[in-house]
Amino acid sequence: MAADVDQTHPEDERKISPQNGHQSPASGSWICRGMWTLLLIGAVPLLAFGIKYYQDAQLLKRHEESIRTLGAEGLFLFSSLDTDHDLYLSPEEFKPIAEKLTGITPPVDFEEELAHDPNGETLTLEAKMQPLLLDSMTKSKDGFLGVSRSSLSGLRSWKSPAVPASSFTASQFRAFLPPKNKDEVGDTWWVIPSELNIFTGYLPNNRYHPPSPKGKEVLIHSLLSMFHPRPFIKSRFAPQGAVACIRASNDFYYDILFRIHAEFQLNDVPDFPFWFTPGKFIGNIVLSKDASHVRHFHLYVPSDRSLNVDMEWLYGASESSNMEVDIGYLPQLELQATGPSTPSIIMDEEGNIIDSQDGDSEPIQFVFEDIQWTSEISEKEATRRLEVTLYPFKKVSYLPFSEAFERAAAENKLVHSILLWGALDDQSC
């Protein structure tokens with residue numbers, strides 16, 4: 001009977017009994033695989049650290065070799081072209097030097113949002129400029145003592161617009177149309193959003209050539225290039241970008257106010273960078289809602305303040321080099337449309353051309369009716385909304401002395417006085 005009860009074989013007992021002190025082959029294999037997994041997991045960060053350490057060491061080695069080969073000033077000029085900071089110049093990075101040496105500028109393939117309409121309406125913009133008054137700079141008070149002539153070479157030579165007049169298609173100004181959710185009078189939106197925040201800091205100073213514009217930046221770049229060939233659409237410091245506001249509208253047209261913060265690089269190699277930053281660009285455009293017609297366009301730097309331009313220039317061959325800062329007065333910098341956009345051809349209802357204009361013929365004469373707005377706000381209110389979009393602190397009223405004391409007395413509040421060298425709500429401070 002005992003033999004019948006005990007049917008367990010010794011081999012089976014070794015497999016299932018944890019008391020025998022031995023592990024099964026299956027459990028040993030599982031532990032082995034676990035150990036290899038842990039080793040691999042631990043090796044990945046070590047490998048990544050090793051690769052990063054090697055790359056940093058190679059970069060440091062190339063940096064030291066570059067210092068020995070080029071010197072500090074030569075490396076500074078090299079770094080201004082090396083946009084990805086890998087200490088190698090790609091063909092794209094070398095292009096500005098090639099253009100300067102050959103004098104040939106290849107056509108740029110900008111990223112446009114819409115294809116050009118050869119039969120669309122066109123308009124002509126004229127650029128006007130009065131150069132900066134050098135005696136408005138504080139450095140002029142001591143005869144620019146200690147300021148090298150090469151530092152101001154770009155400023156002194158910029159006497160007139162780079163392009164006095166240029167033709168644009170009406171459809172290019174589609175960049176100023178509001179997005180679908182911003183179509184009411186008084187709405188504001190970013191035409192070119194700011195990319196600066198407390199984490200990004202500011203953009204580097206040691207640059208000469210702006211990056212290629214994309215999307216809506218293309219039009220802004222083309223407009224500002226009429227003033228100077230090196231506009232930077234995205235300024236180094238806040239505020240950055242462009243904002244717009246619908247001042248008035250009807251079934252067919254918008255009247256839009258806009259404000260742009262951009263700057264120019266006036267110097268070129270071998271001189272150190274010289275940044276010319278107008279306090280702001282203010283503009284106004286009246287265009288059809290399908291961007292087929294532009295009735296009015298005006299862009300300018302306001303000159304109603306005694307100082308309206310910030311200037312900064314470097315004195316060394318690195319980002320941490322000494323920088324001079326000054327402000328001054330620019331009497332005029334503006335673009336104005338010579339008239340509304342007009343078609344180059346006129347067709348009948350069947351699509352036949354009945355009139356056209358070319359270089360040899362007289363321009364086609366048009367008569368434009370006045371636009372009647374069904375909804376509008378004042379230009380002052382539209383300007384205030386642009387300011388609040390750029391500067392949230394503008395939600396609080398900033399008043400002249402006389403008005404401030406009257407308001408304080410009426411509301412039984414204290415007066416907080418701020419004294420500034422320049423303006424708080426633009427870049428000329």
# chains A, B, ... in the order shown; residues from 1 in each chain; ligands from 1
>>> residues_around(residues="A:Arg149", least_positions_apart="6", cutoff="12 Å", atoms="only C-alpha atoms", output="list of chain:residue names")
A:Gly143, A:Leu155, A:Arg156, A:Ser157, A:Asn267, A:Asp271, A:Phe272, A:Trp313, A:Tyr315
>>> residues_around(residues="A:Leu59", least_positions_apart="6", cutoff="12 Å", atoms="only C-alpha atoms", output="ChimeraX atom specification")
/A:52-53,65-66,85-88
>>> write_last_selection(atoms="N, CA and C atoms", output="CSV table (one decimal), in the first residue's frame")
chain,number,residue,atom,x,y,z
A,52,LYS,N,29.2,61.5,-26.4
A,52,LYS,CA,29.2,63.0,-26.1
A,52,LYS,C,30.5,63.5,-25.7
A,53,TYR,N,31.2,62.7,-24.8
A,53,TYR,CA,32.6,63.1,-24.4
A,53,TYR,C,33.5,63.2,-25.6
A,65,GLU,N,42.7,74.3,-32.5
A,65,GLU,CA,43.4,74.4,-33.8
A,65,GLU,C,42.9,75.6,-34.5
A,66,SER,N,41.7,76.0,-34.5
A,66,SER,CA,41.2,77.2,-35.2
A,66,SER,C,41.8,78.4,-34.6
A,85,HIS,N,27.6,76.0,-35.7
A,85,HIS,CA,28.7,76.0,-34.6
A,85,HIS,C,29.4,74.6,-34.6
A,86,ASP,N,29.6,74.0,-35.8
A,86,ASP,CA,30.3,72.7,-35.8
A,86,ASP,C,31.7,72.9,-36.3
A,87,LEU,N,32.2,74.2,-36.5
A,87,LEU,CA,33.5,74.5,-36.9
A,87,LEU,C,33.9,74.0,-38.3
A,88,TYR,N,32.8,73.8,-39.1
A,88,TYR,CA,33.0,73.5,-40.5
A,88,TYR,C,32.0,74.4,-41.3
>>> closest_residue(among="A:Ser249, A:Ser136, A:Gln130, A:Ser212", to="A:Glu334", atoms="only C-alpha atoms")
A:Gln130
>>> residues_around(residues="A:Pro179", least_positions_apart="5", cutoff="12 Å", atoms="only C-alpha atoms", output="NGL selection string")
:A and (174 or 184 or 187-191 or 244-246 or 289)
>>> atom_distance(atom1="atom CA of A:Thr374", atom2="atom CA of A:Asp251")
8.0 Å
>>> closest_residue(among="A:Ala238, A:Asp82, A:His298, A:Phe405", to="A:Tyr391", atoms="only C-alpha atoms")
A:Ala238
>>> select_by_dssp(residues="stretch 126-339 of chain A", states="alpha helix (DSSP H)", output="PDB file with all heavy atoms, in the first residue's frame")
ATOM      1  N   SER A 153      31.587 102.630 -40.050  1.00  0.00           N
ATOM      2  CA  SER A 153      31.678 102.734 -41.511  1.00  0.00           C
ATOM      3  C   SER A 153      30.347 102.444 -42.190  1.00  0.00           C
ATOM      4  O   SER A 153      29.939 103.150 -43.120  1.00  0.00           O
ATOM      5  CB  SER A 153      32.755 101.777 -42.040  1.00  0.00           C
ATOM      6  OG  SER A 153      32.442 100.428 -41.692  1.00  0.00           O
ATOM      7  N   GLY A 154      29.649 101.403 -41.720  1.00  0.00           N
ATOM      8  CA  GLY A 154      28.366 101.074 -42.324  1.00  0.00           C
ATOM      9  C   GLY A 154      27.325 102.142 -42.075  1.00  0.00           C
ATOM     10  O   GLY A 154      26.512 102.448 -42.956  1.00  0.00           O
ATOM     11  N   LEU A 155      27.346 102.748 -40.886  1.00  0.00           N
ATOM     12  CA  LEU A 155      26.393 103.801 -40.553  1.00  0.00           C
ATOM     13  C   LEU A 155      26.651 105.048 -41.392  1.00  0.00           C
ATOM     14  O   LEU A 155      25.719 105.653 -41.934  1.00  0.00           O
ATOM     15  CB  LEU A 155      26.485 104.130 -39.066  1.00  0.00           C
ATOM     16  CG  LEU A 155      25.598 105.272 -38.567  1.00  0.00           C
ATOM     17  CD1 LEU A 155      24.127 104.917 -38.708  1.00  0.00           C
ATOM     18  CD2 LEU A 155      25.931 105.604 -37.111  1.00  0.00           C
ATOM     19  N   ARG A 156      27.918 105.434 -41.500  1.00  0.00           N
ATOM     20  CA  ARG A 156      28.256 106.653 -42.237  1.00  0.00           C
ATOM     21  C   ARG A 156      27.946 106.519 -43.730  1.00  0.00           C
ATOM     22  O   ARG A 156      27.609 107.508 -44.385  1.00  0.00           O
ATOM     23  CB  ARG A 156      29.735 106.995 -42.040  1.00  0.00           C
ATOM     24  CG  ARG A 156      30.109 107.384 -40.615  1.00  0.00           C
ATOM     25  CD  ARG A 156      31.589 107.694 -40.518  1.00  0.00           C
ATOM     26  NE  ARG A 156      32.034 107.960 -39.165  1.00  0.00           N
ATOM     27  CZ  ARG A 156      31.956 109.147 -38.554  1.00  0.00           C
ATOM     28  NH1 ARG A 156      31.437 110.174 -39.206  1.00  0.00           N
ATOM     29  NH2 ARG A 156      32.388 109.301 -37.313  1.00  0.00           N
ATOM     30  N   SER A 157      28.064 105.314 -44.265  1.00  0.00           N
ATOM     31  CA  SER A 157      27.869 105.135 -45.711  1.00  0.00           C
ATOM     32  C   SER A 157      26.416 104.899 -46.101  1.00  0.00           C
ATOM     33  O   SER A 157      26.079 104.920 -47.286  1.00  0.00           O
ATOM     34  CB  SER A 157      28.720 103.954 -46.205  1.00  0.00           C
ATOM     35  OG  SER A 157      28.315 102.741 -45.577  1.00  0.00           O
ATOM     36  N   GLU A 217       7.439  85.633 -43.612  1.00  0.00           N
ATOM     37  CA  GLU A 217       8.650  86.430 -43.457  1.00  0.00           C
ATOM     38  C   GLU A 217       9.151  86.942 -44.799  1.00  0.00           C
ATOM     39  O   GLU A 217       9.842  87.960 -44.865  1.00  0.00           O
ATOM     40  CB  GLU A 217       9.755  85.601 -42.791  1.00  0.00           C
ATOM     41  CG  GLU A 217       9.436  85.123 -41.393  1.00  0.00           C
ATOM     42  CD  GLU A 217      10.489  84.160 -40.879  1.00  0.00           C
ATOM     43  OE1 GLU A 217      11.523  84.009 -41.573  1.00  0.00           O
ATOM     44  OE2 GLU A 217      10.293  83.555 -39.820  1.00  0.00           O
ATOM     45  N   VAL A 218       8.814  86.227 -45.887  1.00  0.00           N
ATOM     46  CA  VAL A 218       9.336  86.569 -47.205  1.00  0.00           C
ATOM     47  C   VAL A 218       8.939  87.991 -47.598  1.00  0.00           C
ATOM     48  O   VAL A 218       9.770  88.786 -48.053  1.00  0.00           O
ATOM     49  CB  VAL A 218       8.841  85.556 -48.260  1.00  0.00           C
ATOM     50  CG1 VAL A 218       9.263  85.993 -49.663  1.00  0.00           C
ATOM     51  CG2 VAL A 218       9.393  84.171 -47.962  1.00  0.00           C
ATOM     52  N   LEU A 219       7.665  88.325 -47.417  1.00  0.00           N
ATOM     53  CA  LEU A 219       7.210  89.662 -47.790  1.00  0.00           C
ATOM     54  C   LEU A 219       7.876  90.722 -46.917  1.00  0.00           C
ATOM     55  O   LEU A 219       8.357  91.740 -47.433  1.00  0.00           O
ATOM     56  CB  LEU A 219       5.688  89.762 -47.665  1.00  0.00           C
ATOM     57  CG  LEU A 219       5.118  91.165 -47.907  1.00  0.00           C
ATOM     58  CD1 LEU A 219       5.394  91.631 -49.327  1.00  0.00           C
ATOM     59  CD2 LEU A 219       3.636  91.216 -47.588  1.00  0.00           C
ATOM     60  N   ILE A 220       7.923  90.510 -45.599  1.00  0.00           N
ATOM     61  CA  ILE A 220       8.525  91.497 -44.698  1.00  0.00           C
ATOM     62  C   ILE A 220       9.995  91.699 -45.064  1.00  0.00           C
ATOM     63  O   ILE A 220      10.500  92.826 -45.093  1.00  0.00           O
ATOM     64  CB  ILE A 220       8.395  91.058 -43.231  1.00  0.00           C
ATOM     65  CG1 ILE A 220       6.934  90.738 -42.884  1.00  0.00           C
ATOM     66  CG2 ILE A 220       8.951  92.121 -42.302  1.00  0.00           C
ATOM     67  CD1 ILE A 220       5.996  91.898 -43.051  1.00  0.00           C
ATOM     68  N   HIS A 221      10.689  90.603 -45.353  1.00  0.00           N
ATOM     69  CA  HIS A 221      12.093  90.686 -45.752  1.00  0.00           C
ATOM     70  C   HIS A 221      12.245  91.492 -47.040  1.00  0.00           C
ATOM     71  O   HIS A 221      13.153  92.333 -47.167  1.00  0.00           O
ATOM     72  CB  HIS A 221      12.658  89.277 -45.924  1.00  0.00           C
ATOM     73  CG  HIS A 221      14.122  89.249 -46.280  1.00  0.00           C
ATOM     74  ND1 HIS A 221      14.570  89.348 -47.577  1.00  0.00           N
ATOM     75  CD2 HIS A 221      15.233  89.129 -45.511  1.00  0.00           C
ATOM     76  CE1 HIS A 221      15.883  89.287 -47.595  1.00  0.00           C
ATOM     77  NE2 HIS A 221      16.307  89.165 -46.344  1.00  0.00           N
ATOM     78  N   SER A 222      11.365  91.253 -48.010  1.00  0.00           N
ATOM     79  CA  SER A 222      11.435  91.979 -49.279  1.00  0.00           C
ATOM     80  C   SER A 222      11.195  93.474 -49.076  1.00  0.00           C
ATOM     81  O   SER A 222      11.856  94.316 -49.703  1.00  0.00           O
ATOM     82  CB  SER A 222      10.411  91.418 -50.268  1.00  0.00           C
ATOM     83  OG  SER A 222      10.671  90.062 -50.548  1.00  0.00           O
ATOM     84  N   LEU A 223      10.250  93.805 -48.201  1.00  0.00           N
ATOM     85  CA  LEU A 223       9.960  95.211 -47.941  1.00  0.00           C
ATOM     86  C   LEU A 223      11.141  95.906 -47.274  1.00  0.00           C
ATOM     87  O   LEU A 223      11.577  96.984 -47.706  1.00  0.00           O
ATOM     88  CB  LEU A 223       8.718  95.330 -47.062  1.00  0.00           C
ATOM     89  CG  LEU A 223       7.387  94.851 -47.675  1.00  0.00           C
ATOM     90  CD1 LEU A 223       6.286  94.872 -46.617  1.00  0.00           C
ATOM     91  CD2 LEU A 223       6.990  95.703 -48.869  1.00  0.00           C
ATOM     92  N   LEU A 224      11.670  95.303 -46.213  1.00  0.00           N
ATOM     93  CA  LEU A 224      12.765  95.944 -45.481  1.00  0.00           C
ATOM     94  C   LEU A 224      14.068  95.950 -46.276  1.00  0.00           C
ATOM     95  O   LEU A 224      14.942  96.787 -46.037  1.00  0.00           O
ATOM     96  CB  LEU A 224      12.968  95.257 -44.128  1.00  0.00           C
ATOM     97  CG  LEU A 224      11.782  95.324 -43.164  1.00  0.00           C
ATOM     98  CD1 LEU A 224      12.165  94.738 -41.803  1.00  0.00           C
ATOM     99  CD2 LEU A 224      11.263  96.743 -43.000  1.00  0.00           C
TER     100      LEU A 224
END
>>> closest_residue(among="A:Pro211, A:Pro193, A:Pro278, A:Gly328", to="A:Leu390", atoms="only C-alpha atoms")
A:Pro193
>>> residues_around(residues="A:Trp158", least_positions_apart="5", cutoff="10 Å", atoms="only C-alpha atoms", output="PyMOL selection string")
chain A and resi 129-132+153+227-228+266
>>> closest_residue(among="A:Ser194, A:Ser417, A:Ser341, A:Ser148", to="A:Val294", atoms="only C-alpha atoms")
A:Ser341
>>> atom_distance(atom1="atom CA of A:Asn205", atom2="atom CA of A:Leu314")
8.1 Å
>>> closest_residue(among="A:Val396, A:Ala127, A:Leu203, A:Ala57", to="A:Ala165", atoms="only C-alpha atoms")
A:Ala127
>>> atom_distance(atom1="atom CA of A:Pro273", atom2="atom CA of A:Phe144")
17.6 Å
>>> residues_around(residues="A:Ser375", least_positions_apart="5", cutoff="7 Å", atoms="only C-alpha atoms", output="VMD selection string")
chain A and resid 185 248 to 250
>>> residues_around(residues="A:Lys395", least_positions_apart="4", cutoff="10 Å", atoms="only C-alpha atoms", output="PyMOL selection string")
chain A and resi 384-385+387-389+391
>>> select_by_dssp(residues="stretch 151-349 of chain A", states="strand (DSSP E)", output="ChimeraX atom specification")
/A:165-169,188-192,231-232,241-249,253-261,263-265,274-278,281-288,294-300,309-314,323-328,332-337,345-347
